[in-house]
Every structure is written in structure tokens, then in C-alpha cells.
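Undergrad: Input upload_34.cif, format and content: mmCIF, C-alpha atoms.
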data_run
loop_
_atom_site.label_atom_id
_atom_site.label_comp_id
_atom_site.auth_asym_id
_atom_site.auth_seq_id
_atom_site.Cartn_x
_atom_site.Cartn_y
_atom_site.Cartn_z
CA MET A 605 -81.08 149.94 -45.34
CA PRO A 606 -83.99 148.90 -47.53
CA PRO A 607 -87.18 148.02 -45.72
CA ALA A 608 -87.68 144.48 -44.47
CA HIS A 609 -91.26 144.21 -45.68
CA THR A 610 -92.94 144.01 -49.05
CA GLY A 611 -94.00 147.65 -49.02
CA ALA A 612 -92.04 150.85 -49.35
CA PRO A 613 -90.70 152.67 -46.26
CA VAL A 614 -93.59 153.77 -44.06
CA ILE A 615 -94.22 157.51 -44.11
CA ALA A 616 -95.04 159.00 -40.73
CA GLY A 617 -98.74 159.63 -40.39
CA ALA A 618 -99.68 157.44 -43.35
CA SER A 619 -102.55 155.01 -43.00
CA THR A 620 -103.92 152.18 -45.05
CA PRO A 621 -107.66 152.30 -45.79
CA SER A 622 -109.67 149.33 -44.56
CA SER A 623 -111.17 148.96 -48.03
CA PRO A 624 -108.56 150.37 -50.41
CA GLU A 625 -109.41 151.28 -53.97
CA PRO A 626 -106.94 151.16 -56.86
CA HIS A 627 -105.17 154.42 -57.55
CA SER A 628 -106.71 156.66 -60.18
CA PRO A 629 -105.82 160.08 -61.66
CA GLY A 630 -106.58 163.02 -59.42
CA ARG A 631 -106.04 161.18 -56.14
CA PRO A 632 -103.03 161.90 -53.86
CA GLY A 633 -101.85 158.29 -53.91
CA TYR A 634 -101.77 158.32 -57.70
CA ARG A 635 -99.68 161.49 -57.73
CA ARG A 636 -97.19 160.11 -55.21
CA MET A 637 -96.97 156.82 -57.09
CA SER A 638 -96.44 158.63 -60.39
CA LEU A 639 -93.71 160.87 -58.96
CA ALA A 640 -91.96 157.93 -57.29
CA LEU A 641 -91.90 155.79 -60.42
CA PHE A 642 -90.95 158.83 -62.49
CA ALA A 643 -87.93 159.27 -60.18
CA ALA A 644 -87.13 155.55 -60.50
CA GLY A 645 -87.25 155.74 -64.29
CA LEU A 646 -85.15 158.88 -64.22
CA ALA A 647 -82.43 157.30 -62.09
CA THR A 648 -82.27 153.88 -63.68
CA PHE A 649 -82.30 155.02 -67.28
CA ALA A 650 -79.77 157.77 -66.61
CA LEU A 651 -77.50 155.04 -65.22
CA LEU A 652 -78.32 152.40 -67.83
CA TYR A 653 -77.28 154.57 -70.78
CA SER A 654 -74.73 156.75 -68.97
CA THR A 655 -71.84 155.76 -71.25
CA GLN A 656 -73.75 156.04 -74.53
CA ALA A 657 -73.13 159.76 -75.13
CA LEU A 658 -69.51 159.28 -74.03
CA LEU A 659 -68.57 156.49 -76.43
CA PRO A 660 -66.24 158.66 -78.57
CA ALA A 661 -64.47 159.84 -75.37
CA VAL A 662 -64.28 156.27 -74.02
CA SER A 663 -62.84 155.12 -77.35
CA ALA A 664 -60.20 157.85 -77.19
CA GLY A 665 -59.47 157.29 -73.49
CA PHE A 666 -58.87 153.56 -73.80
CA GLY A 667 -57.70 153.53 -77.42
CA VAL A 668 -60.45 151.18 -78.64
CA THR A 669 -62.83 151.05 -81.61
CA ALA A 670 -66.49 152.05 -81.68
CA GLY A 671 -67.52 148.39 -81.61
CA GLN A 672 -65.41 147.71 -78.50
CA ALA A 673 -66.59 150.84 -76.68
CA SER A 674 -70.23 149.98 -77.48
CA TRP A 675 -69.94 147.03 -75.08
CA THR A 676 -70.10 149.49 -72.19
CA VAL A 677 -73.74 149.98 -73.26
CA SER A 678 -74.51 146.48 -74.55
CA ALA A 679 -73.14 144.77 -71.40
CA ALA A 680 -75.57 146.73 -69.23
CA THR A 681 -78.61 146.19 -71.44
CA GLY A 682 -77.69 142.54 -72.07
CA ALA A 683 -77.35 141.80 -68.34
CA LEU A 684 -80.68 143.51 -67.74
CA ALA A 685 -82.28 141.27 -70.37
CA LEU A 686 -80.84 138.12 -68.73
CA PHE A 687 -81.74 138.98 -65.13
CA VAL A 688 -85.15 140.60 -65.54
CA LEU A 689 -87.07 137.27 -65.51
CA PRO A 690 -85.45 135.74 -62.40
CA LEU A 691 -85.71 139.03 -60.51
CA SER A 692 -89.35 139.42 -61.50
CA ALA A 693 -89.94 135.94 -60.07
CA LEU A 694 -88.38 137.09 -56.80
CA SER A 695 -90.73 140.09 -56.86
CA GLU A 696 -93.68 137.68 -56.94
CA ARG A 697 -92.47 136.24 -53.63
CA PHE A 698 -90.94 139.22 -51.82
CA GLY A 699 -92.91 142.15 -53.24
CA ARG A 700 -92.68 144.68 -56.04
CA THR A 701 -91.59 147.58 -53.84
CA ARG A 702 -88.93 145.57 -51.99
CA MET A 703 -87.44 144.37 -55.29
CA MET A 704 -87.42 147.89 -56.74
CA THR A 705 -85.81 149.26 -53.56
CA TRP A 706 -82.94 146.76 -53.49
CA SER A 707 -82.38 147.12 -57.21
CA MET A 708 -82.19 150.89 -56.89
CA VAL A 709 -79.71 150.73 -54.00
CA VAL A 710 -77.33 148.36 -55.80
CA ALA A 711 -77.56 150.14 -59.18
CA VAL A 712 -76.80 153.54 -57.64
CA GLY A 713 -73.98 152.10 -55.53
CA VAL A 714 -72.32 150.56 -58.59
CA GLY A 715 -72.94 153.79 -60.49
CA LEU A 716 -70.74 155.62 -58.00
CA LEU A 717 -67.94 153.07 -58.63
CA VAL A 718 -68.11 153.05 -62.45
CA PRO A 719 -66.14 156.32 -62.95
CA PHE A 720 -63.10 154.74 -61.28
CA ALA A 721 -62.83 151.69 -63.59
CA PRO A 722 -59.09 151.32 -64.45
CA ASN A 723 -59.58 149.85 -67.94
CA LEU A 724 -62.24 148.89 -70.49
CA GLU A 725 -62.59 145.36 -69.12
CA TRP A 726 -63.41 146.63 -65.62
CA LEU A 727 -65.74 149.25 -67.02
CA VAL A 728 -67.68 146.64 -69.02
CA ALA A 729 -67.82 144.29 -65.99
CA LEU A 730 -69.16 147.01 -63.67
CA ARG A 731 -71.69 148.06 -66.28
CA ALA A 732 -72.89 144.44 -66.53
CA VAL A 733 -73.41 144.30 -62.74
CA GLN A 734 -75.25 147.61 -62.92
CA GLY A 735 -77.53 146.33 -65.68
CA ALA A 736 -78.29 143.18 -63.68
CA ALA A 737 -79.28 145.32 -60.68
CA ILE A 738 -81.48 147.61 -62.78
CA ALA A 739 -83.30 144.50 -64.06
CA GLY A 740 -85.31 144.38 -60.86
CA ILE A 741 -87.07 147.66 -61.60
CA PRO A 742 -88.87 147.68 -65.01
CA ALA A 743 -90.87 144.43 -64.76
CA SER A 744 -91.63 144.96 -61.06
CA ALA A 745 -92.81 148.49 -61.82
CA MET A 746 -95.12 147.30 -64.60
CA ALA A 747 -96.60 144.59 -62.35
CA TYR A 748 -96.96 147.09 -59.48
CA LEU A 749 -98.91 149.45 -61.74
CA ALA A 750 -101.12 146.65 -63.08
CA GLU A 751 -102.04 145.69 -59.49
CA GLU A 752 -102.35 149.15 -57.91
CA VAL A 753 -103.95 151.27 -60.69
CA LYS A 754 -107.51 151.14 -62.05
CA PRO A 755 -107.56 149.32 -65.43
CA LYS A 756 -108.81 152.34 -67.36
CA ALA A 757 -105.87 154.41 -66.07
CA LEU A 758 -103.23 151.72 -66.71
CA VAL A 759 -102.02 152.85 -70.15
CA GLY A 760 -101.69 156.43 -68.90
CA ALA A 761 -99.81 155.33 -65.76
CA ILE A 762 -97.42 153.17 -67.76
CA GLY A 763 -97.02 156.03 -70.22
CA LEU A 764 -95.91 158.28 -67.33
CA PHE A 765 -93.39 155.64 -66.20
CA VAL A 766 -92.04 155.37 -69.74
CA ALA A 767 -91.91 159.18 -69.85
CA GLY A 768 -89.67 159.06 -66.77
CA ASN A 769 -87.52 156.55 -68.61
CA SER A 770 -87.17 158.89 -71.56
CA ILE A 771 -86.27 161.90 -69.40
CA GLY A 772 -83.82 159.74 -67.45
CA GLY A 773 -82.14 158.60 -70.64
CA MET A 774 -82.05 162.18 -71.89
CA SER A 775 -80.80 163.82 -68.71
CA GLY A 776 -78.17 161.14 -68.15
CA ARG A 777 -76.70 161.74 -71.57
CA ILE A 778 -76.80 165.52 -71.18
CA VAL A 779 -75.20 165.43 -67.72
CA THR A 780 -72.47 163.05 -68.84
CA GLY A 781 -71.88 165.02 -72.05
CA TRP A 782 -71.35 168.38 -70.36
CA GLY A 783 -69.62 166.74 -67.39
CA ALA A 784 -67.18 165.12 -69.80
CA GLN A 785 -66.52 168.43 -71.53
CA LEU A 786 -65.79 170.09 -68.17
CA TRP A 787 -64.10 167.31 -66.17
CA GLY A 788 -63.47 164.44 -68.58
CA TRP A 789 -65.63 161.37 -69.19
CA ARG A 790 -65.01 159.98 -65.70
CA GLY A 791 -66.31 163.22 -64.19
CA GLY A 792 -69.38 162.96 -66.38
CA LEU A 793 -70.12 159.45 -65.10
CA LEU A 794 -69.68 160.57 -61.49
CA ALA A 795 -72.10 163.46 -62.02
CA VAL A 796 -74.84 161.14 -63.30
CA GLY A 797 -74.20 158.79 -60.36
CA VAL A 798 -74.87 161.63 -57.90
CA MET A 799 -78.01 162.61 -59.81
CA ALA A 800 -79.27 159.02 -59.60
CA LEU A 801 -78.62 159.00 -55.85
CA VAL A 802 -80.91 162.02 -55.38
CA CYS A 803 -83.64 160.35 -57.47
CA ALA A 804 -83.32 157.13 -55.46
CA VAL A 805 -83.94 158.99 -52.21
CA ALA A 806 -87.05 160.62 -53.71
CA PHE A 807 -88.30 157.19 -54.83
CA LEU A 808 -87.90 155.67 -51.36
CA VAL A 809 -89.74 158.55 -49.70
CA LEU A 810 -92.65 158.87 -52.15
CA LEU A 811 -93.63 155.34 -53.25
CA PRO A 812 -96.95 154.24 -51.67
CA ARG A 813 -97.13 150.87 -49.96
CA ALA A 814 -98.40 148.08 -52.21
CA ARG A 815 -102.00 147.31 -51.16
CA PHE A 816 -103.04 144.60 -53.60
CA PHE A 817 -99.87 142.49 -53.80
CA ARG A 818 -100.27 138.91 -52.66
CA PRO A 819 -97.01 136.95 -52.25
CA ALA A 820 -96.64 133.71 -54.17
CA SER A 821 -94.39 130.77 -53.36
CA LEU A 822 -90.95 130.86 -54.96
CA ASN A 823 -91.17 127.81 -57.19
CA PRO A 824 -88.74 127.78 -60.14
CA ARG A 825 -90.80 125.14 -61.94
CA ALA A 826 -93.96 127.20 -61.57
CA VAL A 827 -92.10 130.26 -62.86
CA GLY A 828 -90.89 128.21 -65.81
CA ARG A 829 -94.41 126.98 -66.55
CA THR A 830 -95.79 130.51 -66.36
CA ALA A 831 -93.06 131.85 -68.66
CA ALA A 832 -93.60 128.96 -71.08
CA GLY A 833 -97.32 129.69 -71.12
CA HIS A 834 -96.64 133.32 -72.01
CA LEU A 835 -94.27 132.22 -74.78
CA ARG A 836 -97.02 130.04 -76.24
CA ASP A 837 -99.41 133.00 -76.42
CA PRO A 838 -99.29 134.28 -80.04
CA LEU A 839 -100.25 137.85 -79.10
CA LEU A 840 -97.62 138.11 -76.36
CA LEU A 841 -94.99 136.69 -78.71
CA ARG A 842 -95.82 139.35 -81.29
CA LEU A 843 -95.62 142.08 -78.66
CA TYR A 844 -92.23 140.80 -77.48
CA GLY A 845 -90.96 140.83 -81.06
CA ILE A 846 -92.25 144.37 -81.61
CA GLY A 847 -90.53 145.61 -78.45
CA ALA A 848 -87.23 143.97 -79.44
CA LEU A 849 -87.28 145.39 -82.96
CA PHE A 850 -88.24 148.91 -81.89
CA MET A 851 -85.36 148.87 -79.43
CA THR A 852 -82.98 147.55 -82.10
CA VAL A 853 -83.70 150.73 -84.06
CA PHE A 854 -83.24 152.98 -81.05
CA GLY A 855 -80.12 151.22 -79.81
CA ALA A 856 -78.45 151.42 -83.21
CA VAL A 857 -79.25 155.09 -83.78
CA TYR A 858 -78.35 156.49 -80.37
CA THR A 859 -75.25 154.34 -79.86
CA VAL A 860 -73.71 155.60 -83.11
CA ILE A 861 -75.03 159.15 -83.51
CA GLY A 862 -72.36 160.56 -81.18
CA TYR A 863 -69.58 159.22 -83.39
CA ARG A 864 -71.16 160.75 -86.45
CA LEU A 865 -71.62 164.19 -84.90
CA VAL A 866 -68.12 164.54 -83.42
CA GLU A 867 -66.58 163.78 -86.81
CA ALA A 868 -66.43 165.97 -89.93
CA PRO A 869 -68.39 167.68 -91.40
CA PHE A 870 -70.11 168.38 -88.04
CA SER A 871 -67.20 168.28 -85.54
CA LEU A 872 -69.43 169.03 -82.54
CA GLY A 873 -68.09 169.13 -78.97
CA GLN A 874 -68.94 166.43 -76.43
CA GLY A 875 -71.27 168.75 -74.48
CA VAL A 876 -73.18 169.75 -77.60
CA VAL A 877 -73.52 166.09 -78.63
CA GLY A 878 -74.90 165.32 -75.16
CA SER A 879 -77.42 168.15 -75.57
CA ILE A 880 -78.73 166.48 -78.74
CA PHE A 881 -80.48 164.10 -76.34
CA LEU A 882 -82.88 166.88 -75.37
CA ILE A 883 -84.80 165.37 -78.25
CA TYR A 884 -85.88 162.72 -75.71
CA LEU A 885 -88.45 165.25 -74.51
CA VAL A 886 -90.37 164.39 -77.67
CA GLY A 887 -90.44 160.80 -76.46
CA THR A 888 -91.80 161.94 -73.12
CA VAL A 889 -94.77 163.54 -74.88
CA SER A 890 -95.40 160.70 -77.34
CA SER A 891 -95.24 157.97 -74.68
CA ALA A 892 -97.55 159.87 -72.30
CA ALA A 893 -100.02 160.39 -75.18
CA ALA A 894 -99.98 156.71 -76.19
CA GLY A 895 -103.21 155.98 -74.32
CA GLN A 896 -105.14 158.59 -76.31
CA LEU A 897 -103.57 157.34 -79.54
CA VAL A 898 -104.73 153.77 -78.86
CA ALA A 899 -108.22 155.02 -77.98
CA ARG A 900 -108.51 156.76 -81.34
CA ALA A 901 -106.67 154.44 -83.73
CA GLY A 902 -106.59 151.10 -81.91
CA ARG A 903 -103.43 149.25 -80.92
CA ARG A 904 -102.39 148.20 -84.42
CA GLY A 905 -103.27 151.60 -85.88
CA ALA A 906 -101.05 153.24 -83.24
CA LEU A 907 -98.21 150.85 -84.11
CA TYR A 908 -98.52 151.59 -87.84
CA LEU A 909 -98.28 155.30 -87.09
CA ALA A 910 -95.25 154.72 -84.84
CA VAL A 911 -93.31 152.70 -87.42
CA THR A 912 -94.12 155.16 -90.24
CA THR A 913 -92.86 158.05 -88.11
CA THR A 914 -89.69 156.11 -87.22
CA ALA A 915 -88.95 155.16 -90.84
CA LEU A 916 -89.35 158.76 -92.04
CA GLY A 917 -86.94 159.89 -89.35
CA LEU A 918 -84.35 157.31 -90.39
CA LEU A 919 -84.51 158.45 -94.01
CA LEU A 920 -84.12 162.11 -93.00
CA SER A 921 -81.08 161.26 -90.87
CA LEU A 922 -79.18 160.15 -93.99
CA ALA A 923 -78.67 163.80 -95.00
CA ASP A 924 -75.36 165.54 -94.33
CA SER A 925 -77.16 168.58 -92.96
CA LEU A 926 -77.64 169.01 -89.22
CA TRP A 927 -80.92 170.82 -90.00
CA LEU A 928 -82.29 167.57 -91.45
CA ILE A 929 -80.62 165.15 -89.02
CA LEU A 930 -82.20 166.81 -85.99
CA PRO A 931 -85.81 166.56 -87.30
CA GLY A 932 -84.98 162.99 -88.27
CA LEU A 933 -83.96 162.20 -84.69
CA VAL A 934 -87.16 163.87 -83.46
CA LEU A 935 -89.28 161.56 -85.63
CA ILE A 936 -87.28 158.46 -84.67
CA THR A 937 -87.65 159.27 -80.98
CA ALA A 938 -91.38 160.06 -81.15
CA GLY A 939 -92.12 156.89 -83.11
CA PHE A 940 -90.03 154.67 -80.87
CA PHE A 941 -91.47 155.85 -77.55
CA ALA A 942 -95.04 155.71 -78.81
CA GLY A 943 -94.55 152.16 -80.10
CA HIS A 944 -92.86 151.05 -76.88
CA ALA A 945 -95.60 152.49 -74.65
CA VAL A 946 -98.32 150.83 -76.75
CA ALA A 947 -96.62 147.42 -76.81
CA SER A 948 -95.66 147.37 -73.11
CA ALA A 949 -99.16 148.42 -71.99
CA ALA A 950 -100.66 145.71 -74.23
CA VAL A 951 -98.48 143.09 -72.51
CA SER A 952 -99.76 144.14 -69.07
CA ARG A 953 -103.38 144.00 -70.24
CA THR A 954 -103.02 140.71 -72.16
CA ALA A 955 -101.45 138.69 -69.33
CA LYS A 956 -104.18 137.63 -66.90
CA THR A 957 -101.80 135.71 -64.60
CA GLY A 958 -98.07 135.97 -63.96
CA ARG A 959 -97.99 139.63 -64.98
CA ALA A 960 -94.49 140.12 -63.60
CA GLN A 961 -93.19 137.27 -65.77
CA ALA A 962 -95.06 138.59 -68.81
CA SER A 963 -93.56 142.05 -68.33
CA ALA A 964 -90.15 140.51 -67.62
CA LEU A 965 -90.18 138.59 -70.90
CA TYR A 966 -91.09 141.82 -72.70
CA GLN A 967 -88.22 143.61 -70.97
CA SER A 968 -85.84 140.76 -71.85
CA ALA A 969 -86.77 140.97 -75.52
CA TYR A 970 -86.65 144.76 -75.41
CA TYR A 971 -83.15 144.96 -73.95
CA LEU A 972 -81.79 142.15 -76.07
CA GLY A 973 -82.93 144.33 -78.96
CA SER A 974 -81.04 147.24 -77.41
CA SER A 975 -77.85 145.18 -77.08
CA ALA A 976 -78.16 143.83 -80.60
CA GLY A 977 -78.94 147.25 -82.07
CA GLY A 978 -76.08 148.98 -80.27
CA THR A 979 -73.48 146.39 -81.24
CA LEU A 980 -74.69 145.83 -84.82
CA GLY A 981 -75.16 149.56 -85.39
CA ALA A 982 -71.62 150.32 -84.16
CA LEU A 983 -70.08 147.52 -86.24
CA ALA A 984 -71.99 148.66 -89.33
CA TYR A 985 -70.86 152.25 -88.80
CA HIS A 986 -67.24 151.20 -88.31
CA ALA A 987 -67.42 149.17 -91.54
CA SER A 988 -69.48 151.36 -93.90
CA GLY A 989 -70.63 154.55 -92.18
CA TRP A 990 -73.99 155.95 -91.10
CA ALA A 991 -75.91 154.60 -94.10
CA ALA A 992 -75.11 151.06 -92.97
CA THR A 993 -76.41 151.81 -89.45
CA VAL A 994 -79.63 153.20 -90.94
CA GLY A 995 -79.91 150.05 -93.07
CA ILE A 996 -79.84 147.89 -89.91
CA ALA A 997 -82.52 150.10 -88.34
CA LEU A 998 -84.77 150.00 -91.42
CA LEU A 999 -84.64 146.19 -91.44
CA ALA A 1000 -85.88 146.24 -87.84
CA VAL A 1001 -88.68 148.65 -88.80
CA LEU A 1002 -89.68 146.27 -91.59
CA GLY A 1003 -89.84 143.51 -88.98
CA VAL A 1004 -92.28 145.54 -86.85
CA VAL A 1005 -94.47 146.16 -89.90
CA SER A 1006 -94.47 142.45 -90.78
CA ILE A 1007 -95.44 141.38 -87.26
CA THR A 1008 -98.22 143.98 -87.07
CA LEU A 1009 -99.60 143.01 -90.47
CA TYR A 1010 -99.57 139.35 -89.42
CA GLY A 1011 -101.42 140.31 -86.23
CA SER A 1012 -104.07 142.14 -88.26
CA HIS A 1013 -104.48 139.11 -90.53
CA ALA A 1014 -104.73 136.73 -87.54
CA ALA A 1015 -107.35 138.94 -85.87
CA ARG A 1016 -109.49 139.02 -89.04
CA ALA A 1017 -109.21 135.25 -89.41
CA GLU A 1018 -110.28 134.77 -85.77
CA ARG A 1019 -113.29 137.05 -86.24
CA ARG A 1020 -114.36 135.11 -89.35
CA ARG A 1021 -114.00 131.86 -87.45
CA MET A 1022 -116.10 133.11 -84.54
CA LEU A 1023 -118.82 134.39 -86.92
CA ALA A 1024 -119.02 131.13 -88.86
CA PRO A 1025 -122.38 129.28 -88.46
CA GLY A 1026 -120.78 126.29 -86.75
CA ALA A 1027 -118.99 128.47 -84.24
CA ARG A 1028 -122.20 130.38 -83.44
CA GLY A 1029 -124.03 127.11 -82.86
CA ALA A 1030 -121.30 125.80 -80.57
CA ARG A 1031 -121.38 129.02 -78.53
CA ALA A 1032 -125.17 128.85 -78.23
CA ALA A 1033 -124.99 125.22 -77.06
CA ALA A 1034 -122.31 126.11 -74.52
CA ALA A 1035 -124.51 128.94 -73.22
CA ARG A 1036 -127.39 126.53 -72.71
#
Would you put the structure from the file into C-alpha cells?

TA:
Amino acid sequence: MPPAHTGAPVIAGASTPSSPEPHSPGRPGYRRMSLALFAAGLATFALLYSTQALLPAVSAGFGVTAGQASWTVSAATGALALFVLPLSALSERFGRTRMMTWSMVVAVGVGLLVPFAPNLEWLVALRAVQGAAIAGIPASAMAYLAEEVKPKALVGAIGLFVAGNSIGGMSGRIVTGWGAQLWGWRGGLLAVGVMALVCAVAFLVLLPRARFFRPASLNPRAVGRTAAGHLRDPLLLRLYGIGALFMTVFGAVYTVIGYRLVEAPFSLGQGVVGSIFLIYLVGTVSSAAAGQLVARAGRRGALYLAVTTTALGLLLSLADSLWLILPGLVLITAGFFAGHAVASAAVSRTAKTGRAQASALYQSAYYLGSSAGGTLGALAYHASGWAATVGIALLAVLGVVSITLYGSHAARAERRRMLAPGARGARAAAAR
């Protein structure tokens, strides 16, 4: 059973320092925390996208279209988007580690039931429950890191968590792809469920107790006021929009790419299509390196580089040659994960209060983008082929560029306002 306290299960022999310091790189607590959250990201993202590489097999198994089969992905990501805010509010009252523990237990339990769904309707329903359970992990993890890690190490720590997400998404698709080729798509889903169970056990054993969490009262009105305050913050709104649009690109591309590669002229097997997701390793590197990228180019400079990389990848993917499609997917993946790591870290640093709600709103926007991208990308592909899916993705990229340019303009205008003579005089008077 999950622990009945706000911390993780107590490890024999562990002790809590009388004057604890936030975790920082090189310390044992930081390593345990990183490994635990890496395992959490691995398990949850393997489960969240477990049907994505299997969509052609699901379509064939149930006799449905690409758009209908895509709901097995969109239902999970959509439910995550809807439940992440209320579950993050519960984490403010009952603790980050407790929320992550319960979420992990339920998500893995449902994951072991998913392979036995008798029809598409049951499969979509179970996937929605699974997505709702997973919702308790991302925002709680971000808030946990913001509270337990030294500020200078925060971007790197979040980058490692996002790296675990990318490897989880990759390994889940590879395991299901080869499992489906060997035992059918239901066998593939069962294999990823067992893998997630192993990761969940590692998470429960390794995660350090939260030392800086302070429980807050569970007041729905207060949660609503906090969320409304975040939604009135122009910078947070821009970051939420950037996260949603980046994920629209990613959801569209990776929901549909399997259909394209199993059809002529490629005609690849299900296991080989699953192995295409090894490209996620590029995302692991780019997300972990996001902190250094921001240090050198600034947040907006890093975002410009991410969207340029993504757009180039989309254009390359239009070719009918696998030798151009694969580099295109590499660029799309690198750009997406770098942009996501930069935006999510900026949310955690921008929110001074209600960090769990701020991260939850980002996750809601992010996964609504995933649901929209997956469904729109599949419908576009069914109607007009891969070029239409790329068109949807490029529109989302243009949206990221527009938001970032507006942010740059707003920042310059604010600097001019603060440097104006009247503003300087007002600041001097306030100082006196």
C-alpha cells in the first residue's frame, strides 16, 4: 500500500538532517531523487503513449480508421490535461510524494488491464482512466523539484526528469512495437505494463522524503484564485501557449508516422516502426542540455533555435526517402524536447506562489496540445496524406514563433518604460 504520510516510503537507516539543505548535483540525495523521478518518467510516459506505435495494428484489430484509433492516445492525454490541476491541488494538501505514489499505483494497475479491453470503446475508456491517474505525477514532480532542489540546479534537474519522459516514451513504443510483432498488439501492451511495474517499484524505493513541503489547506476557492492569478500573468500565458503548440507538433507527427511507414513505399514491419522511436534518445540529450542552452542564448534565443530545428525537420519529413525522413524526425524530436524543457523550467521559476498550480496549468495546456495534435494530425492524414499532417504541425510552429516574438517585443517595451525619466524618478522616490 502507498505510504500514509506526505513523504516517500522510509528507507531503513535513513535520517533527516536537522538543518537540511536543498539537493544539489554531486550529493547522494540528488542522485537518488534523479533516479527516482527518471524511473517515474520512464513508467508514466511508456504507459501514456503505449498505444501510439500500435495504432495501425489497433485499426486493423478493431476495423476502425486512423482517426478513431487515435482516440486511444488522445483520451489518455486529454484526461491528463483535465485532471492535472485538481490533482496538483490535492498535492498541495497531502504532499507531492504521496500524490505521485498513488498516481503511479493506479496508472500501473490500469496498464495491466488495458491489454484485455474487449473493444475500442473499452480500450478508450481504460486509457482515459489511465491518463487521469498519470495526471498526478508531472505537476507534482515539477513542484517537488522546485521545493527540494537548489535554484541554480533546477533547470538541470527538470531537464533530467524530461529526459526520463523521453526515454519512457521511446522505450514504451519500442517494447509495444516488438511485442506486437511477436505476440500481437495486446501482448505488446502487456509487456509495457510489466516494464512500468518494475519502474514503479524503483521509484517507491529511491525517492527521498520531501523536506521542504509545507501542507496547505484544501480550499477550492483558493485554488481557483491561484489558478486565475497565473492565467492573468502574461509571461505564464505565453509559456502555456508555447507548451501547447510544441506538443501539437509532436502529437501530430508521432501519432501518424506509424501509418505512413507501414504503408507503401516503405512497408515496414510493426517492430521496425517501433524501433524508429529510438530517435527519442536525441530528445533525452537536447532536454538535458536545455540549461546550458538557456545560459548561452537566453530563454527566447533557446526557443528560436528549438522552433527552427523543428521546422527544418518537418520539411525534411516530406520526402519519400527513409534516409531523409529519419533525419527529419531527429530534428523534430531535438527541437521539441529542447523547447519543452525551456518552457517548463521557465514556468517553475516564474511562479513565486502556487507552483503546483502553475505547473499543472502548463501540463494541461501541454497535453491538450497533444490531444489536439494527435486527432487533427490523424484526420488530416486520413483526408490528404502526410503533407496535410505536416501543414498542421507547421501552423503550430508558426504559433510558437509568433508568441516568442511578441514576448521579445513586450520585454523591450518594458525595459524602455523602466528606463524612462519618469519611471526612474518614481523608483528613486520609492527607495527614499

Undergrad: Have a look at CA of Gly847 in chain A and CA of Tyr970 in chain A and let me know their distance in Å, one decimal.

TA: 5.0 Å

Undergrad: Near range 857-867 of chain A, within 10 Å and counting all atoms listed in the file, which residues show up once chain neighbours fewer than 6 positions away are dropped, as a PyMOL selection string?

TA: chain A and resi 653+655-661+663+670-671+673-674+677-678+851+873-874+876-878+880-881+918+921+926+929+933+936-937+974-975+977-986+989-990+993-994+996-997

Undergrad: Rank nothing, just name the residue among A:Gly682, A:Pro632, A:Gly932, A:Gly917 nearest to Leu998 in chain A, using all atoms listed in the file.

TA: A:Gly917

Undergrad: Using all atoms listed in the file, which residue out of A:Val853, A:Ala804, A:Leu841, A:Ala745 lies closest to Gly973 in chain A?

TA: A:Val853

Undergrad: With the PyMOL selection byres ((chain A and resi 692) around 8) as the selection, what would be picked from this file? Answer as a list of chain:residue names, please.

TA: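 Taken on the displayed file, the PyMOL selection byres ((chain A and resi 692) around 8) yields the residues A:Val688, A:Leu689, A:Pro690, A:Leu691, A:Ala693, A:Leu694, A:Ser695, A:Glu696, A:Gly740, A:Ala743, A:Ser744, A:Ala960, A:Gln961, A:Ala964.
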
Undergrad: Generate a file of the selected residues that holds C-alpha atoms, formatted as an mmCIF file, in the coordinates of the input.

TA:
data_model
loop_
_atom_site.group_PDB
_atom_site.id
_atom_site.type_symbol
_atom_site.label_atom_id
_atom_site.label_comp_id
_atom_site.auth_asym_id
_atom_site.auth_seq_id
_atom_site.Cartn_x
_atom_site.Cartn_y
_atom_site.Cartn_z
ATOM 1 C CA VAL A 688 -85.150 140.600 -65.540
ATOM 2 C CA LEU A 689 -87.070 137.270 -65.510
ATOM 3 C CA PRO A 690 -85.450 135.740 -62.400
ATOM 4 C CA LEU A 691 -85.710 139.030 -60.510
ATOM 5 C CA ALA A 693 -89.940 135.940 -60.070
ATOM 6 C CA LEU A 694 -88.380 137.090 -56.800
ATOM 7 C CA SER A 695 -90.730 140.090 -56.860
ATOM 8 C CA GLU A 696 -93.680 137.680 -56.940
ATOM 9 C CA GLY A 740 -85.310 144.380 -60.860
ATOM 10 C CA ALA A 743 -90.870 144.430 -64.760
ATOM 11 C CA SER A 744 -91.630 144.960 -61.060
ATOM 12 C CA ALA A 960 -94.490 140.120 -63.600
ATOM 13 C CA GLN A 961 -93.190 137.270 -65.770
ATOM 14 C CA ALA A 964 -90.150 140.510 -67.620
#

Undergrad: With only C-alpha atoms as the basis for distance, which of A:Leu897, A:Leu716, A:Ala750, A:Val827 is at the shortest distance from Arg790 in chain A?

TA: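 Among A:Leu897, A:Leu716, A:Ala750, A:Val827, it is A:Leu716 that comes nearest to Arg790 in chain A.
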
Undergrad: Which distance in Å separates CA of Gly855 in chain A and CA of Tyr971 in chain A, to one decimal?

TA: 9.1 Å

Undergrad: Report as an MDAnalysis selection string the full result of the PyMOL selection byres ((chain A and resi 946) around 10) when it is applied to this structure.

TA: chainID A and resid 759 762:763 843 847 891 893:895 897:898 902:904 906:907 910 941:945 947:951

Undergrad: Taking all atoms listed in the file into account, name the residue in A:Pro742, A:Pro931, A:Gly773, A:Gly958 that is nearest to Gly828 in chain A.

TA: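 Answer, going by the shortest atom-to-atom distance: A:Gly958.
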